[in-house]
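What's in start.pdb: PDB, C-alpha atoms
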ATOM      1  CA  MET A 275       0.000   0.000   0.000  1.00  0.00           C
ATOM      2  CA  SER A 276       1.373   3.397  -0.944  1.00  0.00           C
ATOM      3  CA  GLU A 277       2.253   5.855   1.799  1.00  0.00           C
ATOM      4  CA  LYS A 278      -0.272   8.432   0.539  1.00  0.00           C
ATOM      5  CA  ARG A 279      -3.090   5.885   0.456  1.00  0.00           C
ATOM      6  CA  LYS A 280      -2.218   4.861   4.005  1.00  0.00           C
ATOM      7  CA  GLN A 281      -2.210   8.522   5.139  1.00  0.00           C
ATOM      8  CA  ILE A 282      -5.639   9.049   3.582  1.00  0.00           C
ATOM      9  CA  ILE A 283      -7.107   5.955   5.246  1.00  0.00           C
ATOM     10  CA  GLU A 284      -5.684   6.932   8.653  1.00  0.00           C
ATOM     11  CA  ALA A 285      -6.938  10.518   8.296  1.00  0.00           C
ATOM     12  CA  ALA A 286     -10.408   9.386   7.235  1.00  0.00           C
ATOM     13  CA  ALA A 287     -10.629   6.899  10.113  1.00  0.00           C
ATOM     14  CA  LYS A 288      -9.616   9.639  12.537  1.00  0.00           C
ATOM     15  CA  SER A 289     -12.108  12.105  11.055  1.00  0.00           C
ATOM     16  CA  PHE A 290     -14.939   9.551  11.061  1.00  0.00           C
ATOM     17  CA  SER A 291     -14.091   8.751  14.711  1.00  0.00           C
ATOM     18  CA  LEU A 292     -14.102  12.410  15.737  1.00  0.00           C
ATOM     19  CA  PHE A 293     -16.934  13.859  13.658  1.00  0.00           C
ATOM     20  CA  GLY A 294     -18.875  10.872  12.359  1.00  0.00           C
ATOM     21  CA  TYR A 295     -19.224   9.782   8.770  1.00  0.00           C
ATOM     22  CA  LYS A 296     -21.919  12.233   7.734  1.00  0.00           C
ATOM     23  CA  ALA A 297     -20.120  15.286   9.165  1.00  0.00           C
ATOM     24  CA  THR A 298     -16.755  14.350   7.641  1.00  0.00           C
ATOM     25  CA  THR A 299     -15.894  16.022   4.346  1.00  0.00           C
ATOM     26  CA  MET A 300     -13.277  14.999   1.823  1.00  0.00           C
ATOM     27  CA  ASP A 301     -11.715  18.442   2.373  1.00  0.00           C
ATOM     28  CA  GLN A 302     -11.223  17.572   6.066  1.00  0.00           C
ATOM     29  CA  VAL A 303      -9.709  14.211   5.169  1.00  0.00           C
ATOM     30  CA  ALA A 304      -7.350  15.874   2.659  1.00  0.00           C
ATOM     31  CA  LYS A 305      -6.261  18.437   5.236  1.00  0.00           C
ATOM     32  CA  MET A 306      -5.718  15.791   7.943  1.00  0.00           C
ATOM     33  CA  ALA A 307      -3.815  13.550   5.497  1.00  0.00           C
ATOM     34  CA  ASN A 308      -1.775  16.504   4.258  1.00  0.00           C
ATOM     35  CA  VAL A 309      -2.679  15.758   0.634  1.00  0.00           C
ATOM     36  CA  GLY A 310      -4.704  17.534  -2.031  1.00  0.00           C
ATOM     37  CA  LYS A 311      -8.369  16.607  -2.311  1.00  0.00           C
ATOM     38  CA  GLY A 312      -7.730  15.339  -5.857  1.00  0.00           C
ATOM     39  CA  THR A 313      -5.164  12.880  -4.482  1.00  0.00           C
ATOM     40  CA  ILE A 314      -7.890  11.199  -2.442  1.00  0.00           C
ATOM     41  CA  TYR A 315      -9.924  10.627  -5.591  1.00  0.00           C
ATOM     42  CA  THR A 316      -6.980   8.905  -7.299  1.00  0.00           C
ATOM     43  CA  PHE A 317      -7.332   6.189  -4.641  1.00  0.00           C
ATOM     44  CA  PHE A 318     -11.043   6.287  -3.734  1.00  0.00           C
ATOM     45  CA  LYS A 319     -14.048   7.122  -5.915  1.00  0.00           C
ATOM     46  CA  SER A 320     -16.127   8.352  -2.986  1.00  0.00           C
ATOM     47  CA  LYS A 321     -16.386   8.811   0.742  1.00  0.00           C
ATOM     48  CA  GLU A 322     -18.441   5.588   0.815  1.00  0.00           C
ATOM     49  CA  GLU A 323     -15.598   3.646  -0.802  1.00  0.00           C
ATOM     50  CA  LEU A 324     -13.185   5.075   1.764  1.00  0.00           C
ATOM     51  CA  LEU A 325     -15.525   3.994   4.578  1.00  0.00           C
ATOM     52  CA  GLU A 326     -15.780   0.502   3.051  1.00  0.00           C
ATOM     53  CA  GLU A 327     -11.977   0.213   2.994  1.00  0.00           C
ATOM     54  CA  ILE A 328     -11.729   1.244   6.644  1.00  0.00           C
ATOM     55  CA  VAL A 329     -14.491  -1.117   7.746  1.00  0.00           C
ATOM     56  CA  SER A 330     -12.817  -3.980   5.832  1.00  0.00           C
ATOM     57  CA  SER A 331      -9.662  -3.442   7.863  1.00  0.00           C
ATOM     58  CA  ILE A 332     -11.708  -3.273  11.088  1.00  0.00           C
ATOM     59  CA  ILE A 333     -13.367  -6.589  10.185  1.00  0.00           C
ATOM     60  CA  SER A 334      -9.952  -8.181   9.668  1.00  0.00           C
ATOM     61  CA  GLU A 335      -8.744  -6.756  12.961  1.00  0.00           C
ATOM     62  CA  ILE A 336     -11.793  -8.046  14.850  1.00  0.00           C
ATOM     63  CA  LYS A 337     -11.337 -11.529  13.366  1.00  0.00           C
ATOM     64  CA  ARG A 338      -7.676 -11.520  14.423  1.00  0.00           C
ATOM     65  CA  GLU A 339      -8.727 -10.489  17.939  1.00  0.00           C
ATOM     66  CA  ALA A 340     -11.314 -13.284  18.081  1.00  0.00           C
ATOM     67  CA  ASP A 341      -8.752 -15.818  16.809  1.00  0.00           C
ATOM     68  CA  VAL A 342      -6.373 -14.791  19.586  1.00  0.00           C
ATOM     69  CA  ALA A 343      -9.124 -15.502  22.143  1.00  0.00           C
ATOM     70  CA  ILE A 344      -9.505 -19.086  20.936  1.00  0.00           C
ATOM     71  CA  ASP A 345      -7.516 -21.706  22.813  1.00  0.00           C
ATOM     72  CA  GLN A 346      -7.463 -25.100  21.073  1.00  0.00           C
ATOM     73  CA  ARG A 347      -7.268 -26.845  24.473  1.00  0.00           C
ATOM     74  CA  LEU A 348     -10.705 -25.484  25.440  1.00  0.00           C
ATOM     75  CA  SER A 349     -14.116 -26.724  24.374  1.00  0.00           C
ATOM     76  CA  PHE A 350     -16.165 -25.181  21.612  1.00  0.00           C
ATOM     77  CA  ASN A 351     -18.534 -23.783  24.252  1.00  0.00           C
ATOM     78  CA  GLU A 352     -15.741 -21.921  26.022  1.00  0.00           C
ATOM     79  CA  ASN A 353     -14.076 -20.778  22.805  1.00  0.00           C
ATOM     80  CA  VAL A 354     -17.215 -19.416  21.168  1.00  0.00           C
ATOM     81  CA  GLN A 355     -17.927 -17.369  24.289  1.00  0.00           C
ATOM     82  CA  ARG A 356     -14.331 -16.121  24.414  1.00  0.00           C
ATOM     83  CA  ALA A 357     -14.433 -15.140  20.725  1.00  0.00           C
ATOM     84  CA  LEU A 358     -17.795 -13.373  21.040  1.00  0.00           C
ATOM     85  CA  GLN A 359     -16.625 -11.562  24.158  1.00  0.00           C
ATOM     86  CA  ARG A 360     -13.522 -10.354  22.278  1.00  0.00           C
ATOM     87  CA  ILE A 361     -15.640  -9.234  19.305  1.00  0.00           C
ATOM     88  CA  PHE A 362     -17.968  -7.217  21.522  1.00  0.00           C
ATOM     89  CA  THR A 363     -15.193  -5.768  23.628  1.00  0.00           C
ATOM     90  CA  PHE A 364     -13.538  -4.572  20.427  1.00  0.00           C
ATOM     91  CA  ARG A 365     -16.801  -3.070  19.141  1.00  0.00           C
ATOM     92  CA  LYS A 366     -17.438  -1.372  22.488  1.00  0.00           C
ATOM     93  CA  GLU A 367     -13.948   0.100  22.825  1.00  0.00           C
ATOM     94  CA  HIS A 368     -12.873   0.928  19.263  1.00  0.00           C
ATOM     95  CA  GLU A 369     -13.409   4.664  18.708  1.00  0.00           C
ATOM     96  CA  LEU A 370     -14.597   4.353  15.132  1.00  0.00           C
ATOM     97  CA  THR A 371     -17.109   1.553  15.725  1.00  0.00           C
ATOM     98  CA  ILE A 372     -18.482   3.472  18.724  1.00  0.00           C
ATOM     99  CA  LYS A 373     -18.984   6.590  16.590  1.00  0.00           C
ATOM    100  CA  LEU A 374     -20.473   4.648  13.662  1.00  0.00           C
ATOM    101  CA  LEU A 375     -22.914   2.744  15.892  1.00  0.00           C
ATOM    102  CA  GLN A 376     -23.902   6.045  17.492  1.00  0.00           C
ATOM    103  CA  GLU A 377     -24.458   7.608  14.057  1.00  0.00           C
ATOM    104  CA  VAL A 378     -26.657   4.702  12.942  1.00  0.00           C
ATOM    105  CA  ARG A 379     -28.715   5.053  16.125  1.00  0.00           C
ATOM    106  CA  ASP A 380     -28.994   8.855  16.116  1.00  0.00           C
ATOM    107  CA  ILE A 381     -29.037   9.774  12.425  1.00  0.00           C
ATOM    108  CA  GLY A 382     -29.471   6.554  10.480  1.00  0.00           C
ATOM    109  CA  THR A 383     -26.996   7.526   7.738  1.00  0.00           C
ATOM    110  CA  PRO A 384     -27.626   4.878   5.016  1.00  0.00           C
ATOM    111  CA  ALA A 385     -23.944   4.328   4.098  1.00  0.00           C
ATOM    112  CA  VAL A 386     -23.024   3.837   7.757  1.00  0.00           C
ATOM    113  CA  ARG A 387     -26.005   1.582   8.401  1.00  0.00           C
ATOM    114  CA  ASP A 388     -24.933  -0.549   5.415  1.00  0.00           C
ATOM    115  CA  VAL A 389     -21.318  -0.969   6.566  1.00  0.00           C
ATOM    116  CA  MET A 390     -22.394  -1.758  10.124  1.00  0.00           C
ATOM    117  CA  LYS A 391     -24.766  -4.410   8.770  1.00  0.00           C
ATOM    118  CA  ARG A 392     -21.846  -5.769   6.761  1.00  0.00           C
ATOM    119  CA  LEU A 393     -19.714  -5.850   9.916  1.00  0.00           C
ATOM    120  CA  ASP A 394     -22.438  -7.849  11.697  1.00  0.00           C
ATOM    121  CA  ARG A 395     -22.807 -10.231   8.711  1.00  0.00           C
ATOM    122  CA  GLU A 396     -19.035 -10.824   8.694  1.00  0.00           C
ATOM    123  CA  MET A 397     -19.008 -11.542  12.435  1.00  0.00           C
ATOM    124  CA  ILE A 398     -21.933 -13.961  12.054  1.00  0.00           C
ATOM    125  CA  ALA A 399     -20.049 -15.673   9.188  1.00  0.00           C
ATOM    126  CA  TYR A 400     -16.994 -15.950  11.453  1.00  0.00           C
ATOM    127  CA  VAL A 401     -19.056 -17.626  14.191  1.00  0.00           C
ATOM    128  CA  ARG A 402     -20.706 -19.871  11.570  1.00  0.00           C
ATOM    129  CA  GLU A 403     -17.250 -21.098  10.487  1.00  0.00           C
ATOM    130  CA  LYS A 404     -16.405 -21.961  14.107  1.00  0.00           C
ATOM    131  CA  ILE A 405     -19.713 -23.834  14.463  1.00  0.00           C
ATOM    132  CA  GLU A 406     -19.045 -25.777  11.250  1.00  0.00           C
ATOM    133  CA  GLU A 407     -15.551 -26.675  12.499  1.00  0.00           C
ATOM    134  CA  ALA A 408     -17.006 -27.871  15.820  1.00  0.00           C
ATOM    135  CA  MET A 409     -19.611 -30.011  14.015  1.00  0.00           C
ATOM    136  CA  THR A 410     -16.897 -31.535  11.816  1.00  0.00           C
ATOM    137  CA  LYS A 411     -14.848 -32.396  14.926  1.00  0.00           C
ATOM    138  CA  GLY A 412     -17.927 -33.893  16.603  1.00  0.00           C
ATOM    139  CA  GLU A 413     -17.819 -31.347  19.453  1.00  0.00           C
ATOM    140  CA  ILE A 414     -21.422 -30.307  18.897  1.00  0.00           C
ATOM    141  CA  ARG A 415     -24.366 -31.982  17.247  1.00  0.00           C
ATOM    142  CA  SER A 416     -25.414 -31.124  13.735  1.00  0.00           C
ATOM    143  CA  CYS A 417     -27.390 -27.893  13.389  1.00  0.00           C
ATOM    144  CA  ASP A 418     -28.132 -25.069  10.967  1.00  0.00           C
ATOM    145  CA  ALA A 419     -24.789 -23.285  11.392  1.00  0.00           C
ATOM    146  CA  GLU A 420     -25.965 -20.012   9.828  1.00  0.00           C
ATOM    147  CA  LEU A 421     -29.067 -19.746  11.999  1.00  0.00           C
ATOM    148  CA  THR A 422     -27.189 -20.827  15.132  1.00  0.00           C
ATOM    149  CA  ALA A 423     -24.439 -18.257  14.506  1.00  0.00           C
ATOM    150  CA  PHE A 424     -27.100 -15.570  14.001  1.00  0.00           C
ATOM    151  CA  LEU A 425     -28.829 -16.518  17.258  1.00  0.00           C
ATOM    152  CA  MET A 426     -25.542 -16.601  19.190  1.00  0.00           C
ATOM    153  CA  PHE A 427     -24.507 -13.218  17.845  1.00  0.00           C
ATOM    154  CA  LYS A 428     -27.885 -11.583  18.480  1.00  0.00           C
ATOM    155  CA  MET A 429     -28.150 -13.107  21.959  1.00  0.00           C
ATOM    156  CA  TYR A 430     -24.727 -11.753  22.808  1.00  0.00           C
ATOM    157  CA  ILE A 431     -25.781  -8.279  21.616  1.00  0.00           C
ATOM    158  CA  ALA A 432     -29.013  -8.552  23.602  1.00  0.00           C
ATOM    159  CA  LEU A 433     -27.216  -9.556  26.807  1.00  0.00           C
ATOM    160  CA  ASN A 434     -24.373  -7.045  26.407  1.00  0.00           C
ATOM    161  CA  VAL A 435     -26.130  -4.027  24.956  1.00  0.00           C
ATOM    162  CA  ASP A 436     -29.910  -4.197  24.977  1.00  0.00           C
ATOM    163  CA  TRP A 437     -30.278  -5.532  28.530  1.00  0.00           C
ATOM    164  CA  GLU A 438     -28.184  -2.659  29.909  1.00  0.00           C
ATOM    165  CA  LYS A 439     -30.615  -0.057  28.572  1.00  0.00           C
ATOM    166  CA  GLU A 440     -33.103  -0.789  31.347  1.00  0.00           C
ATOM    167  CA  HIS A 441     -31.252  -3.053  33.788  1.00  0.00           C
ATOM    168  CA  GLU A 442     -28.000  -3.319  35.659  1.00  0.00           C
ATOM    169  CA  PRO A 443     -25.257  -4.561  33.304  1.00  0.00           C
ATOM    170  CA  LEU A 444     -24.608  -8.284  33.455  1.00  0.00           C
ATOM    171  CA  SER A 445     -21.157  -9.550  34.376  1.00  0.00           C
ATOM    172  CA  GLN A 446     -19.249 -11.551  31.776  1.00  0.00           C
ATOM    173  CA  GLN A 447     -19.658 -14.557  34.095  1.00  0.00           C
ATOM    174  CA  LYS A 448     -23.446 -14.156  34.147  1.00  0.00           C
ATOM    175  CA  ILE A 449     -23.561 -13.732  30.362  1.00  0.00           C
ATOM    176  CA  ALA A 450     -21.489 -16.905  30.003  1.00  0.00           C
ATOM    177  CA  GLU A 451     -23.896 -18.787  32.305  1.00  0.00           C
ATOM    178  CA  LEU A 452     -26.964 -17.581  30.385  1.00  0.00           C
ATOM    179  CA  PHE A 453     -25.318 -18.313  27.054  1.00  0.00           C
ATOM    180  CA  HIS A 454     -24.536 -21.833  28.223  1.00  0.00           C
ATOM    181  CA  LEU A 455     -27.994 -22.399  29.686  1.00  0.00           C
ATOM    182  CA  TYR A 456     -30.026 -21.137  26.733  1.00  0.00           C
ATOM    183  CA  LEU A 457     -27.851 -21.984  23.746  1.00  0.00           C
ATOM    184  CA  LEU A 458     -24.895 -24.230  24.302  1.00  0.00           C
ATOM    185  CA  LYS A 459     -26.446 -26.828  26.566  1.00  0.00           C
ATOM    186  CA  GLY A 460     -28.801 -27.719  23.736  1.00  0.00           C
ATOM    187  CA  LEU A 461     -25.897 -28.221  21.319  1.00  0.00           C
ATOM    188  CA  SER A 462     -23.655 -30.214  23.650  1.00  0.00           C
ATOM    189  CA  ARG A 463     -23.322 -33.949  23.207  1.00  0.00           C
TER     190      ARG A 463
END
What is this structure when it is put down as structure tokens?
Amino acid sequence: MSEKRKQIIEAAAKSFSLFGYKATTMDQVAKMANVGKGTIYTFFKSKEELLEEIVSSIISEIKREADVAIDQRLSFNENVQRALQRIFTFRKEHELTIKLLQEVRDIGTPAVRDVMKRLDREMIAYVREKIEEAMTKGEIRSCDAELTAFLMFKMYIALNVDWEKEHEPLSQQKIAELFHLYLLKGLSR
């Protein structure tokens, strides 16, 4: 990747984190990257394309984080919880994902909503792959991996995010217990 392209991506990510996607202009990105506005358009056709590039790198980073959480000596049940916890911790703490989620909630910017949906789809696909691997190894019984990954992902969001809107936050231990009780116990052999 060229140095200028890298500068543009870093500047755009910083601007999106500070001001949100909608409020960020290509002029701001150019100024922050210390390049001419025309230079940006030699690399990216639009602000949407720039956002897509940034979100693609975030997706890769989240997957790496989740992979680090997996310990081959542990069961599927423990590993899927560890990976999901890492995914949600990343989403909760990463400045850009925080700002983008906030923008979807408050403004509903279509381009941002689309990339955040893509991020969720990619995370569900990641979990689906882990479920398929566990079925192949005989760790869990056969199931609809896509649907199960969707349910796991959405349940984790519900317990980590939605529950906290009107209740005391749940500890990671409590979330793990509920996850095991409602989802994993039914898959265990």
Checklist line | Counting only C-alpha atoms, the option among A:Ile344, A:Met409, A:Ala423, A:Val389 closest to A:Tyr295 | finding: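 Answer, going by the shortest atom-to-atom distance: A:Val389.
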Margin query: Just checking: using only C-alpha atoms, which residue out of A:Tyr456, A:Trp437, A:Phe350, A:Phe317 ends up closest to A:Val401?
Written below: A:Phe350
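Selection result for the displayed file, with the PyMOL selection byres ((chain A and resi 302-308) around 10) as criterion, is Lys278, Arg279, Lys280, Gln281, Ile282, Ile283, Glu284, Ala285, Ala286, Ala287, Lys288, Ser289, Phe290, Ala297, Thr298, Thr299, Met300, Asp301, Val309, Gly310, Lys311, Gly312, Thr313, Ile314 and Lys321 of chain A.
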Margin query: Report as a ChimeraX atom specification all protein, DNA and RNA residues lying within 10 Å of A:Asp388, evaluated on only C-alpha atoms, omitting residues in the same chain fewer than 6 positions from it.
Written below: /A:326,378,382,394
Margin query: Under the PyMOL selection byres ((chain A and resi 414) around 12), which residues of this model are included? Write them out as a list in words.
Written below: Ser349, Phe350, Asn351, Val354, Lys404, Ile405, Glu406, Glu407, Ala408, Met409, Thr410, Lys411, Gly412, Glu413, Arg415, Ser416, Cys417, Asp418, Ala419, Thr422, Leu457, Leu458, Lys459, Gly460, Leu461, Ser462 and Arg463 of chain A
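Taking atom CA of A:His454 as the reference point, atom CA of A:Leu421 is found at 17.0 Å.
You can rank A:Ile381, A:Met275, A:Val342, A:Leu444 by their closest distance to A:Ile431 using all atoms listed in the file, and at the top of that list sits A:Leu444.
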Note to self: Quick check, in Å to one decimal: how far apart do atom CA of A:His368 and atom CA of A:Ala399 lie?
What the structure shows: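 For atom CA of A:His368 relative to atom CA of A:Ala399, the distance reads 20.7 Å.
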Next item on the list: Check the smallest atom-to-atom distance from each of A:Pro443, A:Ser331, A:Ala357, A:Ser291 to A:Ala343 using all atoms listed in the file, then report the winner.
Entry: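 Smallest distance to A:Ala343 is found for A:Ala357.
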